[in-house]
Each structure stands twice: as structure tokens, then as C-alpha cells.
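A.B. asks: Structure file target_31.cif, mmCIF, C-alpha atoms, is pasted below:
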```
data_data
loop_
_atom_site.label_atom_id
_atom_site.label_comp_id
_atom_site.auth_asym_id
_atom_site.auth_seq_id
_atom_site.Cartn_x
_atom_site.Cartn_y
_atom_site.Cartn_z
CA MET A 53 -15.71 -46.92 3.72
CA VAL A 54 -15.54 -43.21 4.65
CA ARG A 55 -18.35 -41.36 6.36
CA ASN A 56 -18.70 -37.94 7.92
CA LEU A 57 -18.85 -37.53 11.67
CA GLY A 58 -22.52 -36.57 11.51
CA PRO A 59 -24.75 -35.37 14.38
CA SER A 60 -22.03 -35.39 17.05
CA MET A 61 -20.59 -32.27 15.40
CA LEU A 62 -23.75 -30.44 16.51
CA TYR A 63 -23.03 -31.06 20.19
CA GLU A 64 -20.16 -28.59 20.16
CA GLY A 65 -22.64 -25.71 20.26
CA THR A 66 -24.24 -26.88 23.53
CA PRO A 67 -23.89 -24.13 26.20
CA ARG A 68 -21.91 -26.27 28.65
CA PRO A 69 -18.15 -26.40 29.29
CA VAL A 70 -18.12 -30.18 28.74
CA VAL A 71 -20.46 -32.38 26.72
CA ALA A 72 -20.37 -36.16 26.30
CA VAL A 73 -21.23 -38.14 23.17
CA GLY A 74 -21.40 -41.91 22.60
CA ASN A 75 -21.17 -43.77 19.27
CA ASP A 76 -20.97 -47.33 17.97
CA TYR A 77 -18.96 -47.94 14.79
CA PRO A 78 -18.70 -51.05 12.59
CA PRO A 79 -15.38 -52.60 11.49
CA ASP A 80 -13.31 -50.68 8.92
CA PHE A 81 -15.34 -47.53 9.44
CA GLU A 82 -13.53 -44.29 8.68
CA VAL A 83 -14.57 -40.87 9.90
CA ALA A 84 -13.54 -38.40 7.21
CA PRO A 85 -10.97 -35.67 8.06
CA HIS A 86 -12.55 -32.99 10.22
CA GLN A 87 -11.77 -30.69 13.13
CA HIS A 88 -13.47 -29.38 16.27
CA ARG A 89 -13.59 -26.00 17.92
CA ARG A 90 -13.35 -27.80 21.30
CA TYR A 91 -10.81 -30.18 22.75
CA GLN A 92 -11.84 -33.82 22.39
CA LEU A 93 -11.06 -36.86 24.48
CA LEU A 94 -12.04 -39.85 22.37
CA TYR A 95 -12.31 -43.00 24.50
CA GLY A 96 -12.65 -46.45 22.95
CA ALA A 97 -14.67 -48.50 25.42
CA SER A 98 -14.06 -51.46 23.13
CA GLY A 99 -12.16 -52.06 19.90
CA VAL A 100 -9.10 -50.37 18.38
CA MET A 101 -8.94 -46.99 16.63
CA MET A 102 -6.29 -45.22 14.61
CA VAL A 103 -6.31 -41.43 14.59
CA SER A 104 -4.36 -39.73 11.80
CA THR A 105 -3.31 -36.15 11.10
CA GLU A 106 -0.87 -34.66 8.60
CA HIS A 107 1.81 -34.87 11.30
CA GLY A 108 1.38 -38.44 12.53
CA ALA A 109 -0.77 -41.36 13.58
CA TRP A 110 -1.88 -42.67 16.95
CA VAL A 111 -3.16 -46.14 17.71
CA VAL A 112 -5.71 -46.36 20.52
CA PRO A 113 -6.00 -49.80 22.18
CA PRO A 114 -9.24 -50.96 23.84
CA ALA A 115 -10.20 -49.07 27.01
CA GLN A 116 -7.76 -46.21 26.29
CA GLY A 117 -8.30 -42.73 24.86
CA VAL A 118 -6.76 -40.15 22.57
CA TRP A 119 -6.51 -36.43 23.29
CA ILE A 120 -7.23 -34.25 20.24
CA PRO A 121 -6.61 -30.49 20.57
CA PHE A 122 -9.07 -28.10 19.00
CA GLY A 123 -8.45 -27.00 15.42
CA ILE A 124 -6.43 -30.08 14.44
CA GLN A 125 -7.79 -31.81 11.35
CA HIS A 126 -7.92 -35.54 11.93
CA SER A 127 -9.53 -38.73 10.71
CA VAL A 128 -10.47 -41.83 12.70
CA ARG A 129 -10.41 -45.42 11.47
CA THR A 130 -11.81 -48.37 13.39
CA ILE A 131 -10.09 -51.75 13.49
CA GLY A 132 -12.93 -54.11 14.28
CA PRO A 133 -16.19 -52.88 15.86
CA VAL A 134 -15.68 -49.94 18.23
CA THR A 135 -17.79 -48.35 20.94
CA THR A 136 -16.69 -44.82 21.81
CA ASN A 137 -17.40 -42.25 24.49
CA SER A 138 -16.20 -38.73 23.69
CA ILE A 139 -16.08 -35.58 25.73
CA PHE A 140 -15.80 -32.17 24.08
CA ILE A 141 -14.28 -29.47 26.28
CA GLU A 142 -14.40 -25.71 25.78
CA PRO A 143 -10.81 -24.41 25.33
CA ASP A 144 -11.10 -22.03 28.31
CA ALA A 145 -12.40 -24.80 30.62
CA ILE A 146 -9.08 -26.66 30.96
CA ALA A 147 -5.37 -25.83 30.91
CA GLY A 148 -2.10 -27.74 30.87
CA MET A 149 -3.11 -30.40 28.37
CA PRO A 150 -0.87 -31.76 25.57
CA PRO A 151 -0.63 -29.37 22.60
CA SER A 152 -0.71 -32.26 20.12
CA CYS A 153 -2.62 -35.52 19.79
CA SER A 154 -1.65 -38.03 22.49
CA VAL A 155 -2.85 -41.46 23.56
CA LEU A 156 -3.88 -41.33 27.21
CA GLY A 157 -4.14 -44.16 29.72
CA ILE A 158 -7.69 -44.15 31.08
CA SER A 159 -7.90 -44.71 34.84
CA PRO A 160 -10.75 -46.74 36.43
CA LEU A 161 -12.17 -43.50 37.88
CA MET A 162 -12.04 -41.77 34.50
CA ARG A 163 -13.74 -44.76 32.87
CA SER A 164 -16.59 -44.57 35.39
CA LEU A 165 -16.92 -40.81 34.92
CA LEU A 166 -17.08 -41.18 31.13
CA LEU A 167 -19.82 -43.80 31.42
CA ALA A 168 -21.75 -41.55 33.81
CA ALA A 169 -21.29 -38.49 31.57
CA ILE A 170 -22.81 -40.27 28.57
CA ASP A 171 -26.07 -40.70 30.49
CA LEU A 172 -26.39 -36.99 31.35
CA PRO A 173 -28.63 -34.65 29.34
CA LEU A 174 -26.73 -32.33 27.03
CA GLU A 175 -27.84 -29.25 28.98
CA TYR A 176 -27.28 -30.74 32.42
CA GLU A 177 -27.64 -28.75 35.64
CA ILE A 178 -24.25 -27.17 36.24
CA ASP A 179 -24.89 -26.52 39.96
CA GLY A 180 -26.20 -30.01 40.75
CA ARG A 181 -24.87 -33.58 40.78
CA ASP A 182 -24.42 -33.58 37.00
CA GLY A 183 -22.20 -30.53 37.15
CA LEU A 184 -20.09 -32.14 39.89
CA ILE A 185 -19.55 -35.21 37.72
CA MET A 186 -18.32 -33.04 34.86
CA ALA A 187 -16.11 -30.97 37.18
CA LEU A 188 -14.48 -34.12 38.57
CA LEU A 189 -14.08 -35.42 35.04
CA LEU A 190 -12.10 -32.30 34.12
CA GLU A 191 -9.84 -32.79 37.14
CA GLU A 192 -9.20 -36.43 36.27
CA VAL A 193 -8.36 -35.67 32.62
CA ARG A 194 -5.35 -33.65 33.77
CA ARG A 195 -3.95 -36.67 35.63
CA LEU A 196 -4.08 -39.20 32.81
CA PRO A 197 -0.67 -40.54 31.68
CA ILE A 198 0.51 -40.24 28.08
CA LEU A 199 1.16 -43.63 26.45
CA PRO A 200 3.98 -44.11 23.87
CA LEU A 201 1.68 -45.00 20.98
CA SER A 202 2.34 -42.22 18.48
CA LEU A 203 3.91 -42.45 15.06
CA PRO A 204 5.18 -39.04 13.91
CA LEU A 205 5.31 -38.18 10.22
CA PRO A 206 7.98 -35.88 8.76
CA ASP A 207 7.29 -32.52 7.15
CA ASP A 208 9.76 -33.30 4.37
CA ARG A 209 7.48 -34.16 1.43
CA GLU A 210 9.47 -37.02 -0.11
CA LEU A 211 10.28 -38.63 3.23
CA ALA A 212 6.65 -38.29 4.37
CA ARG A 213 5.47 -40.00 1.17
CA ARG A 214 7.90 -42.85 1.82
CA CYS A 215 6.75 -43.18 5.43
CA ARG A 216 3.07 -43.28 4.48
CA ARG A 217 3.79 -46.00 1.94
CA PHE A 218 5.52 -48.04 4.64
CA ILE A 219 2.60 -47.62 7.06
CA LYS A 220 0.17 -48.83 4.41
CA ASP A 221 2.33 -51.79 3.37
CA PRO A 222 5.21 -52.49 5.80
CA THR A 223 8.37 -53.94 4.31
CA PRO A 224 10.36 -54.52 7.51
CA HIS A 225 13.33 -56.16 5.79
CA GLU A 226 14.22 -52.88 4.09
CA THR A 227 17.19 -51.20 5.74
CA ILE A 228 18.34 -47.65 6.32
CA ASP A 229 20.53 -48.06 3.24
CA ASP A 230 17.50 -49.05 1.14
CA TRP A 231 15.56 -45.96 2.25
CA ALA A 232 18.58 -43.68 1.82
CA GLU A 233 19.19 -44.95 -1.71
CA ASN A 234 15.49 -44.55 -2.57
CA LEU A 235 15.63 -40.91 -1.49
CA GLY A 236 19.01 -40.23 -3.10
CA LEU A 237 20.77 -39.59 0.22
CA SER A 238 23.84 -40.94 1.94
CA ARG A 239 23.23 -43.15 4.97
CA ARG A 240 24.50 -40.43 7.29
CA SER A 241 22.37 -37.70 5.70
CA PHE A 242 19.28 -39.92 5.81
CA THR A 243 19.81 -40.81 9.46
CA ARG A 244 20.14 -37.15 10.43
CA LEU A 245 17.12 -36.15 8.34
CA PHE A 246 14.92 -38.91 9.77
CA LYS A 247 15.82 -38.09 13.37
CA ARG A 248 15.32 -34.36 12.81
CA GLU A 249 11.97 -34.81 11.07
CA THR A 250 10.40 -37.46 13.35
CA GLY A 251 12.26 -37.21 16.65
CA MET A 252 12.81 -40.99 16.50
CA SER A 253 15.48 -43.31 15.18
CA PHE A 254 14.60 -45.15 11.98
CA ALA A 255 14.59 -48.51 13.80
CA ALA A 256 12.24 -47.29 16.56
CA TRP A 257 9.89 -45.68 14.04
CA GLN A 258 9.86 -48.83 11.92
CA ARG A 259 9.00 -51.01 14.95
CA GLN A 260 6.12 -48.72 15.88
CA ALA A 261 4.80 -48.71 12.31
CA CYS A 262 4.91 -52.51 12.25
CA LEU A 263 2.95 -52.63 15.50
CA PHE A 264 0.27 -50.44 13.95
CA SER A 265 0.17 -52.79 10.97
CA ALA A 266 -0.13 -55.86 13.19
CA LEU A 267 -3.29 -54.77 15.02
CA PRO A 268 -5.86 -55.19 12.23
CA ARG A 269 -4.29 -58.50 11.20
CA LEU A 270 -4.59 -59.82 14.74
CA VAL A 271 -8.20 -58.62 14.98
CA ALA A 272 -8.81 -60.52 11.71
CA ARG A 273 -7.47 -63.61 13.58
CA GLU A 274 -4.42 -64.19 11.46
CA PRO A 275 -2.00 -66.54 13.27
CA ILE A 276 0.34 -64.67 15.57
CA THR A 277 3.32 -66.59 14.20
CA ARG A 278 2.56 -65.50 10.63
CA VAL A 279 2.13 -61.85 11.64
CA ALA A 280 5.38 -61.92 13.64
CA LEU A 281 7.42 -63.43 10.81
CA ASP A 282 5.87 -61.18 8.15
CA LEU A 283 6.88 -58.15 10.20
CA GLY A 284 10.49 -59.23 10.42
CA TYR A 285 10.63 -60.77 13.90
CA GLU A 286 12.85 -63.83 14.31
CA SER A 287 10.29 -65.58 16.47
CA PRO A 288 6.79 -65.14 17.94
CA ALA A 289 8.46 -64.68 21.33
CA ALA A 290 10.35 -61.60 20.14
CA PHE A 291 7.15 -60.17 18.69
CA THR A 292 5.30 -60.91 21.94
CA THR A 293 7.93 -59.07 23.98
CA MET A 294 7.58 -55.96 21.80
CA PHE A 295 3.79 -56.17 21.83
CA ARG A 296 3.55 -56.52 25.60
CA LYS A 297 5.90 -53.58 26.13
CA ALA A 298 3.81 -51.34 23.86
CA LEU A 299 0.26 -52.36 24.79
CA GLY A 300 0.63 -53.91 28.23
CA MET A 301 -0.62 -57.35 27.15
CA PRO A 302 0.57 -60.22 24.95
CA PRO A 303 -0.93 -60.58 21.46
CA SER A 304 -2.80 -63.73 22.52
CA GLU A 305 -4.66 -61.77 25.20
CA TYR A 306 -5.30 -58.95 22.74
CA VAL A 307 -6.79 -61.40 20.23
CA ALA A 308 -8.96 -63.03 22.92
CA ALA A 309 -10.37 -59.63 23.87
CA HIS A 310 -11.59 -59.14 20.28
CA GLN A 311 -13.27 -62.50 19.75
#
```
Can I see the file as C-alpha cells?
C.D. replies:
Amino acid sequence: MVRNLGPSMLYEGTPRPVVAVGNDYPPDFEVAPHQHRRYQLLYGASGVMMVSTEHGAWVVPPAQGVWIPFGIQHSVRTIGPVTTNSIFIEPDAIAGMPPSCSVLGISPLMRSLLLAAIDLPLEYEIDGRDGLIMALLLEEVRRLPILPLSLPLPDDRELARRCRRFIKDPTPHETIDDWAENLGLSRRSFTRLFKRETGMSFAAWQRQACLFSALPRLVAREPITRVALDLGYESPAAFTTMFRKALGMPPSEYVAAHQ
């Protein structure tokens, strides 16, 4: 199901450098492609989100956030029910932030500031306590670490089409030779093209795409063993090692957090 972003778009016109917006979304909810004139930090207090643009996709685990620069058209899909807190920042109110979408690790202080910001009136007093909260929030945003949870998409039209098809329906047993033959390229030419277009090796990109595919299946409580084997892992242990490295927790703990 696809819906428009709705009233939160109106908050961008509020005469404050930072405004905060909270929303609750049901499972499999999709916010249609849109863009903002402000920067956005979209924080998922609970649940998993996937943010997509024409250049890539970013998976946002629970209690983490995604940085979205102004002017970038993007869509958001929820995996399970999601509660979000967003802040919209005027472009001239902050500097030194990533020029492209990035998943950010949310610190305990930032989490508390986001929760406090949601409770403030839209036109809060800039010179009072409310303004200090927002000023500290801006300082903390600059310190948040970037997490390796992006999946770049190539500009090459045919390769991008092939990548999108894989993301939608992963076929992990396909090899570089299979992809190269499908695109009418030699193995060497394909490898060079893929690295140039995505900045990643084919194997690394494929692993990341499979991780993205695993998340909704785990939320749907499919057995971890089945998911691991379907995605080409020799054992649940190998899948668990990859999952922990990417998300900082084993899949069993991830599943428990979504029950």
C-alpha cells in the first residue's frame, strides 16, 4: 500500500531552524516518492524501515536513523509496525553533514533529545529551554557515526534493472558469470563495470542485498534456518555471523525485539 506523506510536509514551513515530527506507521506501509526543502533525520524508535532513491537503498534497523539531504527524492517502506521521530533542519542551520543518504547510529543522548523535541510546540521559544534543546540536538547530529547499511544502485540502465530485480527477489546462487552472461559482458568487463558503478564488489553487494531481503522475512517470523539457507548460506551460524556484523545483534535477538 502506498500513501503520501501527508501533514508532516506542512511542518517544513514553520519559522524555526529545526522542527520535530512524530508518526506511527502500520506494517508494509509505503510513503510515496517525495522530497523536502530541508534536511531530514528520520529516526525509527521501533521497527525497520527501508529508504530508497534512484541511486540506492538504505535499511534502518530499530533505534537507528537515516540522514536524508534536502532535494533528494526518496520513498520509505516499513517492515513491520514503525514509530518514527523526524527532525527537519533548515539547510543553513547545519554544515558538514553527509551529502547523500546515510544510516546513522543514534546515541543515547540523541535518542533522549529526539524524544524531548517531539513534545515541543512547533513554534517553540528559541531563546528559552526549548531552543537550547534544539541547539544541543544540532550539535549531537554532527557526531553521529555512519553505519555500513547502504546498497548503492548503478547508473547504468541495464545493470540497475538487474540489480533491482535481485533486490526484489534474491537469487543468491547466481554467480558473476551468470550476471555477466545475462548482460552480454565478459566476466572481466562485468566485474569492472559493477565496481565502477556501485563502488562495491559483486560479492559484497550481493551479501548486503540478501541482508535487506532477510529482514522482512525475519519480522514475519520465518525460521532463521530457512531464511539462511534460502539466501545461500551454508549454515545458520554463517548467516548469524554476517547478521551480527551488520546490525550489531544476532537474528534471534532481532526477531525477539519484533515480537
A.B. asks: Select, from A:Leu205, A:Leu263, A:Ala147, A:Ile124, the residue with the minimum atom-to-atom distance to Glu249 in chain A, counting all atoms listed in the file.
C.D. replies: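 Between A:Leu205, A:Leu263, A:Ala147, A:Ile124, the residue approaching Glu249 in chain A most closely is A:Leu205.
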A.B. asks: For the PyMOL selection byres ((chain A and resi 135) around 6), applied here, can you spell out every residue it catches as number ranges by chain?
C.D. replies: A: 75-76, 96-98, 134, 136
A.B. asks: For range 189-202 of chain A, please output as a PyMOL selection string all residues within 10 Å (counting only C-alpha atoms; exclusion window: fewer than 5 positions along the same chain).
C.D. replies: chain A and resi 69-70+93+102-104+108-113+116-119+139+141+145-150+153-159+161-166+168-169+183-184+257+260-261+263-264+297-299
A.B. asks: Please save C-alpha atoms of the selected residues as a compact mmCIF listing (two decimals), in the frame of the given file.
C.D. replies:
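Dumped to out-v5.txt:
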```txt
# COMPACT_ATOMS: atom_id res chain seq x y z
CA PRO A 69 -18.15 -26.40 29.29
CA VAL A 70 -18.12 -30.18 28.74
CA LEU A 93 -11.06 -36.86 24.48
CA MET A 102 -6.29 -45.22 14.61
CA VAL A 103 -6.31 -41.43 14.59
CA SER A 104 -4.36 -39.73 11.80
CA GLY A 108 1.38 -38.44 12.53
CA ALA A 109 -0.77 -41.36 13.58
CA TRP A 110 -1.88 -42.67 16.95
CA VAL A 111 -3.16 -46.14 17.71
CA VAL A 112 -5.71 -46.36 20.52
CA PRO A 113 -6.00 -49.80 22.18
CA GLN A 116 -7.76 -46.21 26.29
CA GLY A 117 -8.30 -42.73 24.86
CA VAL A 118 -6.76 -40.15 22.57
CA TRP A 119 -6.51 -36.43 23.29
CA ILE A 139 -16.08 -35.58 25.73
CA ILE A 141 -14.28 -29.47 26.28
CA ALA A 145 -12.40 -24.80 30.62
CA ILE A 146 -9.08 -26.66 30.96
CA ALA A 147 -5.37 -25.83 30.91
CA GLY A 148 -2.10 -27.74 30.87
CA MET A 149 -3.11 -30.40 28.37
CA PRO A 150 -0.87 -31.76 25.57
CA CYS A 153 -2.62 -35.52 19.79
CA SER A 154 -1.65 -38.03 22.49
CA VAL A 155 -2.85 -41.46 23.56
CA LEU A 156 -3.88 -41.33 27.21
CA GLY A 157 -4.14 -44.16 29.72
CA ILE A 158 -7.69 -44.15 31.08
CA SER A 159 -7.90 -44.71 34.84
CA LEU A 161 -12.17 -43.50 37.88
CA MET A 162 -12.04 -41.77 34.50
CA ARG A 163 -13.74 -44.76 32.87
CA SER A 164 -16.59 -44.57 35.39
CA LEU A 165 -16.92 -40.81 34.92
CA LEU A 166 -17.08 -41.18 31.13
CA ALA A 168 -21.75 -41.55 33.81
CA ALA A 169 -21.29 -38.49 31.57
CA GLY A 183 -22.20 -30.53 37.15
CA LEU A 184 -20.09 -32.14 39.89
CA TRP A 257 9.89 -45.68 14.04
CA GLN A 260 6.12 -48.72 15.88
CA ALA A 261 4.80 -48.71 12.31
CA LEU A 263 2.95 -52.63 15.50
CA PHE A 264 0.27 -50.44 13.95
CA LYS A 297 5.90 -53.58 26.13
CA ALA A 298 3.81 -51.34 23.86
CA LEU A 299 0.26 -52.36 24.79
```
A.B. asks: Could you check the closest approach to Arg216 in chain A for each of A:Leu172, A:Ser304, A:Arg278, A:Glu106 and tell me which residue wins, using all atoms listed in the file?
C.D. replies: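 Among A:Leu172, A:Ser304, A:Arg278, A:Glu106, it is A:Glu106 that comes nearest to Arg216 in chain A.
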A.B. asks: Which of these residues is nearest to Leu211 in chain A, using all atoms listed in the file: A:Gly236, A:Pro224, A:Gly300, A:Gly123?
C.D. replies: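 That would be A:Gly236, the residue with the smallest distance to Leu211 in chain A.
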A.B. asks: Can you pull out every residue within 12 Å of Val271 in chain A, counting only C-alpha atoms, but drop anything in the same chain fewer than 5 positions away, and send it as a count of residues only?
C.D. replies: 26
A.B. asks: Quick check, in Å to one decimal: how far apart do CA of Phe246 in chain A and CA of Asp207 in chain A lie?
C.D. replies: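 Interatomic distance here is 10.3 Å.
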A.B. asks: Give the centre and edge lengths of an axis-aligned box, in Å to one decimal, that holds all listed atoms of range 285-301 of chain A with 5 Å on each side, as lines of an AutoDock Vina configuration file.
C.D. replies:
```
center_x = 6.1
center_y = -58.5
center_z = 21.1
size_x = 23.5
size_y = 24.2
size_z = 24.3
```
A.B. asks: Measuring atom to atom with only C-alpha atoms, identify which of A:Phe140, A:Tyr176, A:Phe254, A:Phe218 is nearest to Gly65 in chain A.
C.D. replies: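 Nearest candidate to Gly65 in chain A out of A:Phe140, A:Tyr176, A:Phe254, A:Phe218: A:Phe140.
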A.B. asks: Enter the distance from CA of Ala256 in chain A to CA of Phe81 in chain A, in Å, rounded to one decimal.
C.D. replies: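 Between CA of Ala256 in chain A and CA of Phe81 in chain A the gap works out to 28.5 Å.
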A.B. asks: May I ask for the distance between CA of Arg213 in chain A and CA of Leu237 in chain A, given in Å to one decimal place?
C.D. replies: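 Pair CA of Arg213 in chain A / CA of Leu237 in chain A returns 15.3 Å.
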